[in-house]
$ cat query-v4.pdb   # PDB, C-alpha atoms (C1' of nucleotides)
ATOM      1  CA  MET X   4     -12.029  -5.096  22.698
ATOM      2  CA  ASP X   5     -13.313  -6.034  19.301
ATOM      3  CA  ARG X   6     -11.732  -5.193  16.001
ATOM      4  CA  ALA X   7     -14.187  -2.468  15.076
ATOM      5  CA  GLN X   8     -13.508  -0.671  18.315
ATOM      6  CA  PHE X   9      -9.796  -0.989  17.713
ATOM      7  CA  TYR X  10     -10.113   0.632  14.319
ATOM      8  CA  LYS X  11     -12.239   3.372  15.746
ATOM      9  CA  GLU X  12      -9.676   4.169  18.393
ATOM     10  CA  VAL X  13      -6.934   4.234  15.802
ATOM     11  CA  TYR X  14      -8.826   6.732  13.692
ATOM     12  CA  SER X  15      -9.624   8.888  16.687
ATOM     13  CA  ILE X  16      -6.044   9.027  17.835
ATOM     14  CA  THR X  17      -4.765   9.710  14.356
ATOM     15  CA  LYS X  18      -7.085  12.644  13.961
ATOM     16  CA  GLU X  19      -5.896  14.072  17.246
ATOM     17  CA  ILE X  20      -2.289  14.279  16.167
ATOM     18  CA  PRO X  21      -1.413  17.975  16.215
ATOM     19  CA  TYR X  22       0.198  19.768  13.308
ATOM     20  CA  GLY X  23       3.941  19.458  13.262
ATOM     21  CA  ASN X  24       3.974  16.279  15.281
ATOM     22  CA  VAL X  25       4.340  12.632  14.391
ATOM     23  CA  PHE X  26       3.268   9.410  15.996
ATOM     24  CA  THR X  27       4.075   5.738  15.671
ATOM     25  CA  TYR X  28       2.042   2.618  15.018
ATOM     26  CA  GLY X  29       3.292   0.970  18.141
ATOM     27  CA  LYS X  30       2.478   3.941  20.315
ATOM     28  CA  ILE X  31      -1.070   3.961  19.030
ATOM     29  CA  ALA X  32      -1.459   0.247  19.614
ATOM     30  CA  GLN X  33      -0.017   0.665  23.076
ATOM     31  CA  LEU X  34      -2.267   3.596  23.746
ATOM     32  CA  ILE X  35      -5.313   1.572  22.863
ATOM     33  CA  GLY X  36      -4.095  -1.231  25.062
ATOM     34  CA  ASN X  37      -2.749  -3.738  22.546
ATOM     35  CA  PRO X  38       0.977  -3.141  22.104
ATOM     36  CA  GLN X  39       1.246  -6.213  19.916
ATOM     37  CA  TYR X  40      -1.301  -4.961  17.436
ATOM     38  CA  SER X  41       1.065  -2.511  15.838
ATOM     39  CA  ARG X  42       0.543  -4.037  12.427
ATOM     40  CA  MET X  43      -3.188  -3.783  12.738
ATOM     41  CA  VAL X  44      -2.828  -0.072  13.241
ATOM     42  CA  GLY X  45      -1.172   0.143   9.859
ATOM     43  CA  GLN X  46      -3.914  -1.903   8.284
ATOM     44  CA  ALA X  47      -6.569   0.186   9.931
ATOM     45  CA  LEU X  48      -5.032   3.271   8.403
ATOM     46  CA  SER X  49      -4.662   1.519   5.087
ATOM     47  CA  HIS X  50      -8.402   1.242   4.685
ATOM     48  CA  ALA X  51      -9.080   4.435   6.488
ATOM     49  CA  PRO X  52     -11.747   6.375   4.594
ATOM     50  CA  LYS X  53     -10.343   9.512   3.038
ATOM     51  CA  GLU X  54     -13.387  11.463   4.119
ATOM     52  CA  GLU X  55     -12.274  10.982   7.687
ATOM     53  CA  ASP X  56      -9.452  13.477   7.211
ATOM     54  CA  LEU X  57      -6.885  11.231   8.774
ATOM     55  CA  PRO X  58      -3.390  12.761   8.847
ATOM     56  CA  CYS X  59      -1.944   9.337   8.219
ATOM     57  CA  HIS X  60       1.212  10.889   6.875
ATOM     58  CA  ARG X  61       2.068  11.834  10.437
ATOM     59  CA  ILE X  62       2.216   8.182  11.358
ATOM     60  CA  VAL X  63       5.652   6.654  11.083
ATOM     61  CA  ASN X  64       7.194   3.454  12.323
ATOM     62  CA  SER X  65       8.787   3.013  15.705
ATOM     63  CA  GLN X  66      12.057   4.816  15.427
ATOM     64  CA  GLY X  67      11.667   6.584  12.158
ATOM     65  CA  ARG X  68      13.809   3.826  10.817
ATOM     66  CA  LEU X  69      13.134   3.136   7.183
ATOM     67  CA  VAL X  70      10.644   5.225   5.291
ATOM     68  CA  PRO X  71       7.264   5.865   6.919
ATOM     69  CA  SER X  72       5.849   3.552   4.254
ATOM     70  CA  TRP X  73       5.569   5.932   1.459
ATOM     71  CA  GLN X  74       8.485   8.173   0.802
ATOM     72  CA  LYS X  75       6.005  10.640  -0.627
ATOM     73  CA  GLN X  76       4.706  11.459   2.827
ATOM     74  CA  LYS X  77       8.177  12.554   3.816
ATOM     75  CA  GLU X  78       7.725  15.673   1.766
ATOM     76  CA  LEU X  79       4.347  16.314   3.312
ATOM     77  CA  LEU X  80       5.875  16.033   6.760
ATOM     78  CA  GLU X  81       8.611  18.431   5.831
ATOM     79  CA  LYS X  82       5.993  20.984   4.942
ATOM     80  CA  GLU X  83       4.561  20.651   8.418
ATOM     81  CA  GLY X  84       7.910  21.467   9.935
ATOM     82  CA  ILE X  85       9.010  17.923  10.613
ATOM     83  CA  THR X  86      12.756  17.628  10.309
ATOM     84  CA  PHE X  87      14.522  14.684   8.760
ATOM     85  CA  LYS X  88      17.978  13.268   8.841
ATOM     86  CA  ARG X  89      20.106  13.419   5.749
ATOM     87  CA  ASN X  90      19.185   9.912   4.764
ATOM     88  CA  GLY X  91      15.450  10.294   5.223
ATOM     89  CA  CYS X  92      14.868   9.159   8.777
ATOM     90  CA  VAL X  93      12.318  11.300  10.526
ATOM     91  CA  ASN X  94      13.629  13.134  13.546
ATOM     92  CA  MET X  95      10.902  11.817  15.781
ATOM     93  CA  SER X  96      12.975  12.528  18.849
ATOM     94  CA  LYS X  97      11.902  16.112  18.417
ATOM     95  CA  HIS X  98       8.511  15.784  16.800
ATOM     96  CA  LEU X  99       7.089  12.767  18.568
ATOM     97  CA  TRP X 100       3.664  13.688  19.846
ATOM     98  CA  ASP X 101       3.777  14.058  23.611
ATOM     99  CA  ILE X 102       0.421  12.515  24.341
ATOM    100  CA  THR X 103       0.967  12.569  28.084
ATOM    101  CA  GLY X 104       0.616  16.327  27.988
ATOM    102  CA  SER X 105      -1.999  16.442  25.268
ATOM    103  CA  LEU X 106      -4.662  14.620  27.222
ATOM    104  CA  THR X 107      -6.723  11.799  25.769
ATOM    105  CA  SER X 108     -10.196  12.541  27.002
ATOM    106  CA  THR X 109     -11.246  13.608  23.523
ATOM    107  CA  ILE X 110     -11.019  10.062  22.276
ATOM    108  CA  GLY X 111     -12.403   8.449  25.369
ATOM    109  CA  ILE X 112      -9.460   6.295  26.268
ATOM    110  CA  SER X 113      -8.903   5.183  29.806
ATOM    111  CA  PRO X 114      -5.364   5.994  30.923
ATOM    112  CA  THR X 115      -5.561   3.127  33.333
ATOM    113  CA  SER X 116      -6.047   0.555  30.615
ATOM    114  CA  ALA X 117      -3.222   1.951  28.575
ATOM    115  CA  THR X 118       0.341   1.378  29.657
ATOM    116  CA  TRP X 119       2.271   4.297  28.309
ATOM    117  CA  GLN X 120       5.895   5.094  28.802
TER
ATOM    118  C1'  DA U  20      -8.424 -24.798   6.151
ATOM    119  C1'  DG U  21      -3.496 -23.837   5.246
ATOM    120  C1'  DT U  22      -0.339 -20.466   3.237
ATOM    121  C1'  DT U  23       1.120 -15.867   2.001
ATOM    122  C1'  DT U  24       1.412 -11.053   2.663
ATOM    123  C1'  DG U  25       1.553  -6.477   4.914
ATOM    124  C1'  DA U  26       1.612   1.324   5.919
ATOM    125  C1'  DC U  27       5.028  -3.121  12.260
ATOM    126  C1'  DT U  28       8.226  -3.678  16.383
ATOM    127  C1'  DC U  29      11.947  -5.468  19.076
ATOM    128  C1'  DC U  30      16.661  -7.297  19.407
ATOM    129  C1'  DC U  31      21.180  -7.755  17.788
ATOM    130  C1'  DT U  32      25.033  -6.618  14.771
TER
ATOM    131  C1'  DT Q  15      22.207   5.595  12.746
ATOM    132  C1'  DA Q  16      21.507   1.703   9.489
ATOM    133  C1'  DG Q  17      20.398  -3.049   8.248
ATOM    134  C1'  DG Q  18      18.909  -7.830   8.863
ATOM    135  C1'  DG Q  19      16.188 -11.529  11.336
ATOM    136  C1'  DA Q  20      12.507 -13.359  14.279
ATOM    137  C1'  DG Q  21       7.915 -12.673  16.279
ATOM    138  C1'  DC Q  22       3.488 -10.836  15.792
ATOM    139  C1'  DC Q  23      -1.953 -10.525  14.250
ATOM    140  C1'  DA Q  24      -5.463 -10.195  10.844
ATOM    141  C1'  DA Q  25      -6.983 -10.212   6.189
ATOM    142  C1'  DA Q  26      -6.469 -11.929   1.566
ATOM    143  C1'  DC Q  27      -5.655 -15.874  -1.548
TER
END
$ encode --input "query-v4.pdb" --output "structure tokens"
Amino acid sequence: MDRAQFYKEVYSITKEIPYGNVFTYGKIAQLIGNPQYSRMVGQALSHAPKEEDLPCHRIVNSQGRLVPSWQKQKELLEKEGITFKRNGCVNMSKHLWDITGSLTSTIGISPTSATWQ
DNA sequence: AGTTTGACTCCCT
DNA sequence: TAGGGAGCCAAAC
């Protein structure tokens, strides 16, 4: 898979994140088939064109550890119904996007190539 | 062409 | 749950 394709997949997945749910960089990378490319996912989103309507604020790091990257997005997430811990860690245990039930045919990803769970 | 940096993740404490 | 360190890849310098 080339880099352009990787970016494309990242954008597609990001756009498919339902309202009130969050997702992680690593999960996306894993979903595409490159679990080690977690950082690239972040970079892909960093130059993601705004006209693409990417809900990048729904993307957080693996465990909701530190801030998602910008603490500003935390407030946006709260508006969507995402709950946070007192310190600011996103409660992704509840709001993590269950992609296994959401189906991935819309983005044209082969479940066989991706090693989820 | 080598070094630094970043919207990361995993492991351990 | 929180915090620090090592590993990771690609782009920027």
$ resolve_selection --input "query-v4.pdb" --expression "the PyMOL selection byres ((chain X) within 9 of (chain Q))" --output "PDB file with C-alpha atoms, in the frame of the given file"
ATOM      1  CA  GLN X  39       1.246  -6.213  19.916  1.00  0.00           C
ATOM      2  CA  TYR X  40      -1.301  -4.961  17.436  1.00  0.00           C
ATOM      3  CA  SER X  41       1.065  -2.511  15.838  1.00  0.00           C
ATOM      4  CA  ARG X  42       0.543  -4.037  12.427  1.00  0.00           C
ATOM      5  CA  MET X  43      -3.188  -3.783  12.738  1.00  0.00           C
ATOM      6  CA  GLN X  46      -3.914  -1.903   8.284  1.00  0.00           C
ATOM      7  CA  ARG X  68      13.809   3.826  10.817  1.00  0.00           C
ATOM      8  CA  LEU X  69      13.134   3.136   7.183  1.00  0.00           C
TER       9      LEU X  69
END
$ atom_distance --input "query-v4.pdb" --atom1 "atom CA of Tyr22 of chain X" --atom2 "atom CA of Glu83 of chain X"
6.6 Å
$ resolve_selection --input "query-v4.pdb" --expression "the PyMOL selection byres ((chain X) within 10 of (chain U))" --output "VMD selection string"
chain X and resid 27 to 29 38 to 49 59 to 60 62 to 66 70 to 73
$ closest_residue --input "query-v4.pdb" --among "X:Ile16, X:Ala51, X:Val25, X:Leu34" --to "Lys77 of chain X" --atoms "only C-alpha atoms"
X:Val25
$ closest_residue --input "query-v4.pdb" --among "X:Ile20, X:Cys92, X:Val13, X:Ala32" --to "His50 of chain X" --atoms "only C-alpha atoms"
X:Val13
$ resolve_selection --input "query-v4.pdb" --expression "the PyMOL selection byres ((chain X and resi 24) around 7)" --output "list in words"
Ile20, Pro21, Tyr22, Gly23, Val25, Phe26, Arg61, His98, Leu99 and Trp100 of chain X
$ axis_aligned_box --input "query-v4.pdb" --around "segment 64-67 of chain X" --padding-each-side "8 Å" --output "JSON"
{"center_x": 9.6, "center_y": 4.8, "center_z": 13.9, "size_x": 20.9, "size_y": 19.6, "size_z": 19.5}
$ atom_distance --input "query-v4.pdb" --atom1 "atom CA of Asp5 of chain X" --atom2 "atom CA of Asp101 of chain X"
26.7 Å
$ build_atoms --input "query-v4.pdb" --residues "segment 25-37 of chain X" --atoms "N, CA, C and O atoms" --output "short mmCIF file (atom, residue, chain, number, x, y, z; two decimals), in the coordinates of the input"
data_model
loop_
_atom_site.label_atom_id
_atom_site.label_comp_id
_atom_site.auth_asym_id
_atom_site.auth_seq_id
_atom_site.Cartn_x
_atom_site.Cartn_y
_atom_site.Cartn_z
N VAL X 25 4.48 13.95 14.99
CA VAL X 25 4.34 12.63 14.39
C VAL X 25 4.03 11.61 15.48
O VAL X 25 4.22 11.88 16.66
N PHE X 26 3.57 10.46 15.05
CA PHE X 26 3.27 9.41 16.00
C PHE X 26 3.61 8.07 15.37
O PHE X 26 3.82 7.96 14.17
N THR X 27 3.68 7.03 16.20
CA THR X 27 4.08 5.74 15.67
C THR X 27 2.96 4.70 15.81
O THR X 27 2.08 4.83 16.66
N TYR X 28 3.04 3.68 14.99
CA TYR X 28 2.04 2.62 15.02
C TYR X 28 2.02 1.95 16.39
O TYR X 28 0.97 1.72 16.97
N GLY X 29 3.20 1.66 16.87
CA GLY X 29 3.29 0.97 18.14
C GLY X 29 2.72 1.79 19.29
O GLY X 29 2.05 1.26 20.17
N LYS X 30 2.98 3.07 19.27
CA LYS X 30 2.48 3.94 20.32
C LYS X 30 0.95 3.94 20.32
O LYS X 30 0.32 3.90 21.37
N ILE X 31 0.39 3.99 19.14
CA ILE X 31 -1.07 3.96 19.03
C ILE X 31 -1.62 2.66 19.59
O ILE X 31 -2.55 2.65 20.40
N ALA X 32 -1.02 1.56 19.15
CA ALA X 32 -1.46 0.25 19.61
C ALA X 32 -1.35 0.17 21.13
O ALA X 32 -2.24 -0.30 21.83
N GLN X 33 -0.26 0.67 21.64
CA GLN X 33 -0.02 0.66 23.08
C GLN X 33 -1.03 1.54 23.79
O GLN X 33 -1.54 1.20 24.85
N LEU X 34 -1.33 2.66 23.17
CA LEU X 34 -2.27 3.60 23.75
C LEU X 34 -3.66 2.99 23.86
O LEU X 34 -4.37 3.18 24.84
N ILE X 35 -4.01 2.23 22.85
CA ILE X 35 -5.31 1.57 22.86
C ILE X 35 -5.34 0.45 23.89
O ILE X 35 -6.36 0.14 24.47
N GLY X 36 -4.17 -0.16 24.08
CA GLY X 36 -4.10 -1.23 25.06
C GLY X 36 -3.66 -2.55 24.47
O GLY X 36 -3.68 -3.57 25.13
N ASN X 37 -3.22 -2.52 23.20
CA ASN X 37 -2.75 -3.74 22.55
C ASN X 37 -1.41 -3.48 21.86
O ASN X 37 -1.37 -3.29 20.65
#
